[in-house]
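The structure under discussion appears below in the form of structure tokens.
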Amino acid sequence: MTAPAGDLAALLRAVHEARGDEEVPLPSPEPHDGQSVAQWRAEVSHARAMADAGALRHRVLVDRASKELFGTTVAELLPPVGALTRHTIEVPVPADPQLSHVPGGGIPAGPGARVPDPATTVRVSVTTPTDPQSVIIRLHGGAFWMAGGTTADSIDAHLIDQLAHVARAVVLNVDYRLAPEHPFPAAIVDTLTVLDAVRGGTLGLATEPAAPTALVGTSSGANIATVAAMADAARLPASPLRGLGLLVPSVLLTRVPDGEAALRVRRQQLRGYLGELALDDPWASPGVLPRIAGLPPTFAAIASADEVAAGGESLCAAIEAGGGEATAHIYEMTHTTATPAVEAAMIGELAAAMRDALHL
């Protein structure tokens with residue numbers, strides 16, 4: 001990781017001065033002694049709402065500071081998109097996802113839902129261009145516990161629109177279940193469920209059931225996308241994904257943040273997602289693997305000054321060692337902040353890479 005400098009450093013200073021120091025409480029991984037499940041869920045919901053509001057505010061402040069410093073925003077630098085239609089659907093999630101059927105011992109069962117959830121559906125926002133030829137399943141970031149719902153739709157709007165337009169793809173923004181209420185592997189199950197529904201032609205999309213499909217994820221969503229792609233390659237090698245796009249991928253959860261307080265927060269956040277699953281388990285940290293076979297062509301956008309995520313470069317090396325194609329692209333940015341020119345370049349290059357992978 002390199003220290004931010006030049007335009008990026010100026011942008012970070014301006015955003016920090018406008019935002020100040022904001023404290024976002026991290027929810028407990030499980031109810032405290034004497035705390036009811038309902039009280040715990042309310043505590044988690046409150047913390048998530050605060051975190052989501054902070055993420056939305058950060059997006060606004062970055063755009064405002066970019067306009068003042070550089071005279072433009074990422075929206076103004078991205079090419080215009082054609083006509084897009086949007087709607088939402090609910091996709092049923094099976095009570096028994098059969099994860100043990102994945103070869104090699106299967107995905108660990110994990111602690112399961114900490115709150116009973118017998119009738120589960122996953123919300124999916126659907127963005128459709130004119131004459132779509134492919135499908136992209138999109139997984140938002142948010143440290144496994146936040147940034148779902150309309151927050152993801154809003155923060156990721158430019159990326160979703162460019163993917164739909166450039167790759168001629170129906171983009172499915174998956175509002176997967178979040179930790180700590182629904183720890184590992186709930187998000188993996190939701191992703192595979194949506195992927196199976198795409199292949200089965202049961203979602204009413206404006207594409208053929210056999211349309212080429214890719215996964216795209218950001219940060220923790222990139223972790224989920226990678227693990228889902230690994231599981232899918234193992235269970236259905238005859239129906240491969242066409243592409244994997246990873247933005248600031250957090251695929252090496254063993255990375256230790258600087259400072260005792262940051263380390264304590266990190267451990268609590270990951271316990272909420274992983275339960276007792278070890279940080280170096282390949283299903284939690286695929287970046288630990290020396291070789292990964294069966295993954296599709298992969299585009300990884302890595303932040304030069306990423307203070308949160310790690311493992312993107314080692315993951316690409318493992319995919320190549322397994323006989324696949326993977327390219328790590330380094331961008332001058334932090335985990336959440338880039339200048340308009342850098343962010344526009346990253347979005348454009350990812351969209352082009354997915355177009356090329358989907359339309360071979």
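Naming scheme: A, B, ... for chains in displayed order of the structure tokens; residues 1 onward per chain; ligands 1 onward as shown.
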If we count only C-alpha atoms, what is near Pro240 in chain A at a cut-off of 12 Å, once residues fewer than 6 positions away on the same chain are taken out, given as an mmCIF file with C-alpha atoms, in the first residue's frame?
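Printed below is selection_38.cif as written:
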```cif
data_model
loop_
_atom_site.group_PDB
_atom_site.id
_atom_site.type_symbol
_atom_site.label_atom_id
_atom_site.label_comp_id
_atom_site.auth_asym_id
_atom_site.auth_seq_id
_atom_site.Cartn_x
_atom_site.Cartn_y
_atom_site.Cartn_z
ATOM 1 C CA LEU A 195 -27.319 -17.679 -10.588
ATOM 2 C CA ASP A 196 -29.342 -20.909 -10.746
ATOM 3 C CA ARG A 199 -29.736 -20.385 -15.814
ATOM 4 C CA ALA A 210 -28.452 -19.786 -21.732
ATOM 5 C CA ALA A 211 -27.271 -16.157 -21.923
ATOM 6 C CA PRO A 212 -23.602 -15.760 -20.912
ATOM 7 C CA THR A 213 -23.328 -14.697 -17.275
ATOM 8 C CA ALA A 214 -20.687 -12.954 -15.164
ATOM 9 C CA LEU A 215 -20.278 -12.047 -11.505
ATOM 10 C CA ALA A 228 -19.549 -18.252 -5.259
ATOM 11 C CA ALA A 229 -17.570 -18.624 -8.492
ATOM 12 C CA MET A 230 -15.324 -21.227 -6.853
ATOM 13 C CA ALA A 231 -18.326 -23.193 -5.619
ATOM 14 C CA ASP A 232 -20.056 -22.923 -8.984
ATOM 15 C CA ALA A 233 -16.981 -24.142 -10.865
ATOM 16 C CA ALA A 234 -16.789 -27.156 -8.567
ATOM 17 C CA ALA A 293 -8.853 -23.923 -11.119
ATOM 18 C CA GLY A 294 -11.993 -23.373 -13.118
ATOM 19 C CA LEU A 295 -12.559 -19.642 -12.641
ATOM 20 C CA PRO A 296 -13.520 -17.481 -15.623
ATOM 21 C CA PRO A 297 -11.444 -14.591 -17.034
ATOM 22 C CA ALA A 357 -15.624 -11.819 -21.530
ATOM 23 C CA LEU A 358 -19.370 -12.119 -22.136
#
```
(request) Mind listing the alpha helix (DSSP H) residues of range 36-88 of chain A, per DSSP on the backbone, as a PyMOL selection string? (result) chain A and resi 37-70+74-77
(message) With only C-alpha atoms as the counted atoms, please give the residues lying no more than 10 Å from Val198 in chain A, apart from itself and same-chain residues fewer than 3 positions off, as number ranges by chain.
(response) A: 135-137, 172, 192-195, 201-205, 207-213
What does the file look like for those residues with N, CA, C and O atoms, as a tab-separated table (two decimals), in the first residue's frame?
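Heads up, here's the output in selection38.tsv:
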```tsv
chain	number	residue	atom	x	y	z
A	135	VAL	N	-25.97	-11.48	-18.96
A	135	VAL	CA	-26.42	-11.18	-17.60
A	135	VAL	C	-25.19	-10.96	-16.72
A	135	VAL	O	-24.20	-11.70	-16.81
A	136	ILE	N	-25.26	-9.93	-15.87
A	136	ILE	CA	-24.23	-9.70	-14.85
A	136	ILE	C	-24.90	-9.70	-13.49
A	136	ILE	O	-25.84	-8.94	-13.25
A	137	ILE	N	-24.43	-10.57	-12.61
A	137	ILE	CA	-24.90	-10.59	-11.22
A	137	ILE	C	-23.95	-9.74	-10.41
A	137	ILE	O	-22.75	-10.01	-10.35
A	172	LEU	N	-28.20	-7.64	-12.44
A	172	LEU	CA	-28.98	-8.03	-11.27
A	172	LEU	C	-28.21	-7.62	-10.02
A	172	LEU	O	-27.20	-8.25	-9.67
A	192	LEU	N	-25.66	-17.96	-5.37
A	192	LEU	CA	-25.82	-19.18	-6.17
A	192	LEU	C	-27.29	-19.39	-6.54
A	192	LEU	O	-27.60	-19.89	-7.63
A	193	THR	N	-28.20	-19.02	-5.64
A	193	THR	CA	-29.63	-19.15	-5.93
A	193	THR	C	-30.03	-18.27	-7.11
A	193	THR	O	-30.75	-18.71	-8.01
A	194	VAL	N	-29.55	-17.02	-7.11
A	194	VAL	CA	-29.86	-16.12	-8.22
A	194	VAL	C	-29.21	-16.64	-9.50
A	194	VAL	O	-29.83	-16.62	-10.58
A	195	LEU	N	-27.99	-17.13	-9.41
A	195	LEU	CA	-27.32	-17.68	-10.59
A	195	LEU	C	-28.09	-18.87	-11.15
A	195	LEU	O	-28.29	-18.98	-12.37
A	201	GLY	N	-33.94	-19.80	-16.28
A	201	GLY	CA	-34.88	-18.98	-17.01
A	201	GLY	C	-36.16	-18.67	-16.26
A	201	GLY	O	-37.21	-18.46	-16.87
A	202	THR	N	-36.07	-18.60	-14.91
A	202	THR	CA	-37.29	-18.42	-14.11
A	202	THR	C	-37.50	-16.98	-13.64
A	202	THR	O	-38.45	-16.71	-12.92
A	203	LEU	N	-36.64	-16.05	-14.04
A	203	LEU	CA	-36.72	-14.68	-13.54
A	203	LEU	C	-37.45	-13.73	-14.48
A	203	LEU	O	-37.61	-12.55	-14.15
A	204	GLY	N	-37.84	-14.20	-15.65
A	204	GLY	CA	-38.53	-13.34	-16.60
A	204	GLY	C	-37.64	-12.27	-17.19
A	204	GLY	O	-38.11	-11.17	-17.53
A	205	LEU	N	-36.35	-12.55	-17.33
A	205	LEU	CA	-35.43	-11.58	-17.90
A	205	LEU	C	-35.57	-11.51	-19.41
A	205	LEU	O	-36.06	-12.45	-20.04
A	207	THR	N	-33.63	-12.02	-21.68
A	207	THR	CA	-32.54	-12.76	-22.30
A	207	THR	C	-32.92	-14.23	-22.35
A	207	THR	O	-33.84	-14.68	-21.67
A	208	GLU	N	-32.18	-14.98	-23.12
A	208	GLU	CA	-32.37	-16.42	-23.16
A	208	GLU	C	-31.79	-17.04	-21.88
A	208	GLU	O	-30.84	-16.51	-21.30
A	209	PRO	N	-32.34	-18.19	-21.42
A	209	PRO	CA	-31.79	-18.84	-20.23
A	209	PRO	C	-30.31	-19.16	-20.34
A	209	PRO	O	-29.60	-19.16	-19.33
A	210	ALA	N	-29.85	-19.43	-21.54
A	210	ALA	CA	-28.45	-19.79	-21.73
A	210	ALA	C	-27.56	-18.57	-21.97
A	210	ALA	O	-26.41	-18.71	-22.40
A	211	ALA	N	-28.06	-17.37	-21.69
A	211	ALA	CA	-27.27	-16.16	-21.92
A	211	ALA	C	-25.98	-16.20	-21.10
A	211	ALA	O	-25.99	-16.63	-19.95
A	212	PRO	N	-24.86	-15.78	-21.67
A	212	PRO	CA	-23.60	-15.76	-20.91
A	212	PRO	C	-23.74	-14.88	-19.68
A	212	PRO	O	-24.36	-13.83	-19.71
A	213	THR	N	-23.14	-15.35	-18.58
A	213	THR	CA	-23.33	-14.70	-17.28
A	213	THR	C	-21.98	-14.46	-16.60
A	213	THR	O	-21.08	-15.29	-16.67
```
(request) Would you kindly return, as number ranges by chain, each protein, DNA or RNA residue with an atom no farther than 12 Å from any atom of Ser66 in chain A, considering only C-alpha atoms and excluding same-chain residues fewer than 2 positions away? (result) A: 7-15, 58-64, 68-77, 337-343
Write a file of the selected residues as a JSON list (two decimals), in the first residue's frame, keeping N, CA and C atoms.
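Generated output (again-v1.json):
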```
[["chain", "number", "residue", "atom", "x", "y", "z"],
["A", 7, "ASP", "N", -3.35, 14.75, -6.27],
["A", 7, "ASP", "CA", -4.78, 15.01, -6.36],
["A", 7, "ASP", "C", -5.60, 14.15, -5.39],
["A", 8, "LEU", "N", -5.20, 12.90, -5.22],
["A", 8, "LEU", "CA", -5.94, 12.02, -4.32],
["A", 8, "LEU", "C", -5.83, 12.51, -2.89],
["A", 9, "ALA", "N", -4.64, 12.90, -2.47],
["A", 9, "ALA", "CA", -4.46, 13.42, -1.12],
["A", 9, "ALA", "C", -5.29, 14.68, -0.90],
["A", 10, "ALA", "N", -5.33, 15.55, -1.89],
["A", 10, "ALA", "CA", -6.13, 16.77, -1.77],
["A", 10, "ALA", "C", -7.61, 16.44, -1.65],
["A", 11, "LEU", "N", -8.08, 15.46, -2.43],
["A", 11, "LEU", "CA", -9.48, 15.06, -2.36],
["A", 11, "LEU", "C", -9.81, 14.47, -0.99],
["A", 12, "LEU", "N", -8.94, 13.65, -0.46],
["A", 12, "LEU", "CA", -9.17, 13.04, 0.85],
["A", 12, "LEU", "C", -9.23, 14.10, 1.94],
["A", 13, "ARG", "N", -8.36, 15.09, 1.87],
["A", 13, "ARG", "CA", -8.38, 16.17, 2.87],
["A", 13, "ARG", "C", -9.70, 16.93, 2.81],
["A", 14, "ALA", "N", -10.14, 17.25, 1.60],
["A", 14, "ALA", "CA", -11.37, 18.02, 1.45],
["A", 14, "ALA", "C", -12.57, 17.24, 1.97],
["A", 15, "VAL", "N", -12.62, 15.95, 1.69],
["A", 15, "VAL", "CA", -13.74, 15.13, 2.16],
["A", 15, "VAL", "C", -13.72, 15.02, 3.68],
["A", 58, "HIS", "N", -20.80, 10.06, 2.15],
["A", 58, "HIS", "CA", -19.43, 10.04, 1.60],
["A", 58, "HIS", "C", -19.47, 10.20, 0.08],
["A", 59, "ARG", "N", -20.40, 9.53, -0.57],
["A", 59, "ARG", "CA", -20.53, 9.66, -2.02],
["A", 59, "ARG", "C", -20.83, 11.09, -2.43],
["A", 60, "VAL", "N", -21.73, 11.73, -1.69],
["A", 60, "VAL", "CA", -22.08, 13.12, -1.99],
["A", 60, "VAL", "C", -20.88, 14.04, -1.78],
["A", 61, "LEU", "N", -20.16, 13.83, -0.69],
["A", 61, "LEU", "CA", -19.02, 14.70, -0.38],
["A", 61, "LEU", "C", -17.88, 14.51, -1.38],
["A", 62, "VAL", "N", -17.66, 13.28, -1.83],
["A", 62, "VAL", "CA", -16.63, 13.05, -2.84],
["A", 62, "VAL", "C", -16.97, 13.80, -4.13],
["A", 63, "ASP", "N", -18.22, 13.70, -4.55],
["A", 63, "ASP", "CA", -18.63, 14.40, -5.77],
["A", 63, "ASP", "C", -18.53, 15.92, -5.61],
["A", 64, "ARG", "N", -18.93, 16.42, -4.45],
["A", 64, "ARG", "CA", -18.88, 17.86, -4.22],
["A", 64, "ARG", "C", -17.44, 18.37, -4.20],
["A", 68, "GLU", "N", -15.31, 20.91, -6.89],
["A", 68, "GLU", "CA", -14.59, 22.10, -6.45],
["A", 68, "GLU", "C", -13.10, 22.03, -6.81],
["A", 69, "LEU", "N", -12.51, 20.86, -6.67],
["A", 69, "LEU", "CA", -11.07, 20.73, -6.89],
["A", 69, "LEU", "C", -10.71, 20.55, -8.36],
["A", 70, "PHE", "N", -11.50, 19.75, -9.08],
["A", 70, "PHE", "CA", -11.12, 19.35, -10.44],
["A", 70, "PHE", "C", -12.09, 19.84, -11.51],
["A", 71, "GLY", "N", -13.18, 20.45, -11.07],
["A", 71, "GLY", "CA", -14.13, 20.99, -12.02],
["A", 71, "GLY", "C", -15.03, 19.96, -12.67],
["A", 72, "THR", "N", -15.05, 18.74, -12.15],
["A", 72, "THR", "CA", -15.88, 17.70, -12.75],
["A", 72, "THR", "C", -16.18, 16.62, -11.72],
["A", 73, "THR", "N", -17.09, 15.73, -12.05],
["A", 73, "THR", "CA", -17.41, 14.56, -11.23],
["A", 73, "THR", "C", -17.32, 13.32, -12.09],
["A", 74, "VAL", "N", -17.35, 12.16, -11.46],
["A", 74, "VAL", "CA", -17.27, 10.92, -12.23],
["A", 74, "VAL", "C", -18.45, 10.79, -13.18],
["A", 75, "ALA", "N", -19.62, 11.26, -12.77],
["A", 75, "ALA", "CA", -20.80, 11.16, -13.64],
["A", 75, "ALA", "C", -20.60, 11.94, -14.93],
["A", 76, "GLU", "N", -19.91, 13.08, -14.83],
["A", 76, "GLU", "CA", -19.70, 13.92, -16.01],
["A", 76, "GLU", "C", -18.64, 13.34, -16.95],
["A", 77, "LEU", "N", -17.78, 12.47, -16.42],
["A", 77, "LEU", "CA", -16.71, 11.89, -17.24],
["A", 77, "LEU", "C", -17.13, 10.58, -17.90],
["A", 337, "THR", "N", -12.28, 5.84, -2.11],
["A", 337, "THR", "CA", -12.20, 7.18, -2.70],
["A", 337, "THR", "C", -11.19, 7.21, -3.85],
["A", 338, "ALA", "N", -11.62, 7.82, -4.96],
["A", 338, "ALA", "CA", -10.75, 8.04, -6.12],
["A", 338, "ALA", "C", -11.11, 9.38, -6.74],
["A", 339, "THR", "N", -10.17, 9.97, -7.44],
["A", 339, "THR", "CA", -10.49, 11.17, -8.20],
["A", 339, "THR", "C", -11.43, 10.80, -9.34],
["A", 340, "PRO", "N", -12.17, 11.76, -9.87],
["A", 340, "PRO", "CA", -13.13, 11.43, -10.93],
["A", 340, "PRO", "C", -12.49, 10.72, -12.11],
["A", 341, "ALA", "N", -11.30, 11.16, -12.54],
["A", 341, "ALA", "CA", -10.66, 10.55, -13.69],
["A", 341, "ALA", "C", -10.31, 9.10, -13.43],
["A", 342, "VAL", "N", -9.81, 8.81, -12.23],
["A", 342, "VAL", "CA", -9.43, 7.44, -11.89],
["A", 342, "VAL", "C", -10.67, 6.57, -11.76],
["A", 343, "GLU", "N", -11.70, 7.06, -11.09],
["A", 343, "GLU", "CA", -12.92, 6.27, -10.92],
["A", 343, "GLU", "C", -13.59, 5.99, -12.26]]
```
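The space between CA of Leu26 in chain A and CA of Ile302 in chain A spans 25.8 Å.
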(request) State, in Å with one decimal place, the distance from CA of Pro92 in chain A to CA of Gly200 in chain A. (result) 13.3 Å
(request) as a PyMOL selection string, please: all residues of range 129-292 of chain A that backbone DSSP puts in strand (DSSP E or B). (result) chain A and resi 129+134-139+169-175+213-218+243-247
(message) Let me make sure I understand: among A:Ala3, A:Ala301, A:Pro180, A:Asp356, which one has the smallest atom-to-atom distance to Tyr331 in chain A if we use only C-alpha atoms?
(response) A:Ala301
Within 10 Å of Glu349 in chain A using only C-alpha atoms, minus same-chain residues under 4 positions, as an mmCIF file with N, CA, C and O atoms, in the first residue's frame:
```cif
data_model
loop_
_atom_site.group_PDB
_atom_site.id
_atom_site.type_symbol
_atom_site.label_atom_id
_atom_site.label_comp_id
_atom_site.auth_asym_id
_atom_site.auth_seq_id
_atom_site.Cartn_x
_atom_site.Cartn_y
_atom_site.Cartn_z
ATOM 1 N N PHE A 299 -11.073 -9.824 -13.955
ATOM 2 C CA PHE A 299 -10.559 -8.452 -13.927
ATOM 3 C C PHE A 299 -10.614 -7.994 -12.467
ATOM 4 O O PHE A 299 -11.677 -7.965 -11.867
ATOM 5 N N ALA A 301 -9.677 -4.852 -9.935
ATOM 6 C CA ALA A 301 -9.271 -3.460 -9.758
ATOM 7 C C ALA A 301 -8.787 -3.292 -8.328
ATOM 8 O O ALA A 301 -9.559 -3.465 -7.380
ATOM 9 N N HIS A 329 -5.324 -4.817 -12.051
ATOM 10 C CA HIS A 329 -5.130 -3.436 -12.479
ATOM 11 C C HIS A 329 -5.030 -2.562 -11.234
ATOM 12 O O HIS A 329 -5.922 -2.576 -10.388
ATOM 13 N N GLU A 343 -11.702 7.063 -11.087
ATOM 14 C CA GLU A 343 -12.922 6.267 -10.920
ATOM 15 C C GLU A 343 -13.592 5.987 -12.263
ATOM 16 O O GLU A 343 -14.042 4.861 -12.518
ATOM 17 N N ALA A 344 -13.637 6.979 -13.121
ATOM 18 C CA ALA A 344 -14.240 6.776 -14.441
ATOM 19 C C ALA A 344 -13.450 5.757 -15.251
ATOM 20 O O ALA A 344 -14.033 4.915 -15.950
ATOM 21 N N ALA A 345 -12.116 5.828 -15.163
ATOM 22 C CA ALA A 345 -11.286 4.859 -15.885
ATOM 23 C C ALA A 345 -11.523 3.448 -15.361
ATOM 24 O O ALA A 345 -11.640 2.497 -16.146
ATOM 25 N N ALA A 353 -14.025 -4.965 -19.904
ATOM 26 C CA ALA A 353 -13.545 -6.322 -19.662
ATOM 27 C C ALA A 353 -14.701 -7.310 -19.580
ATOM 28 O O ALA A 353 -14.627 -8.437 -20.109
ATOM 29 N N MET A 354 -15.791 -6.923 -18.928
ATOM 30 C CA MET A 354 -16.959 -7.794 -18.855
ATOM 31 C C MET A 354 -17.614 -7.959 -20.222
ATOM 32 O O MET A 354 -18.069 -9.051 -20.573
ATOM 33 N N ARG A 355 -17.654 -6.899 -21.001
ATOM 34 C CA ARG A 355 -18.177 -7.007 -22.379
ATOM 35 C C ARG A 355 -17.367 -8.029 -23.170
ATOM 36 O O ARG A 355 -17.936 -8.896 -23.839
#
```
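If only C-alpha atoms are the atoms counted, then among A:Gly322, A:Gly312, A:Gly272, A:Gly54 the closest residue to Ser285 in chain A is A:Gly312.
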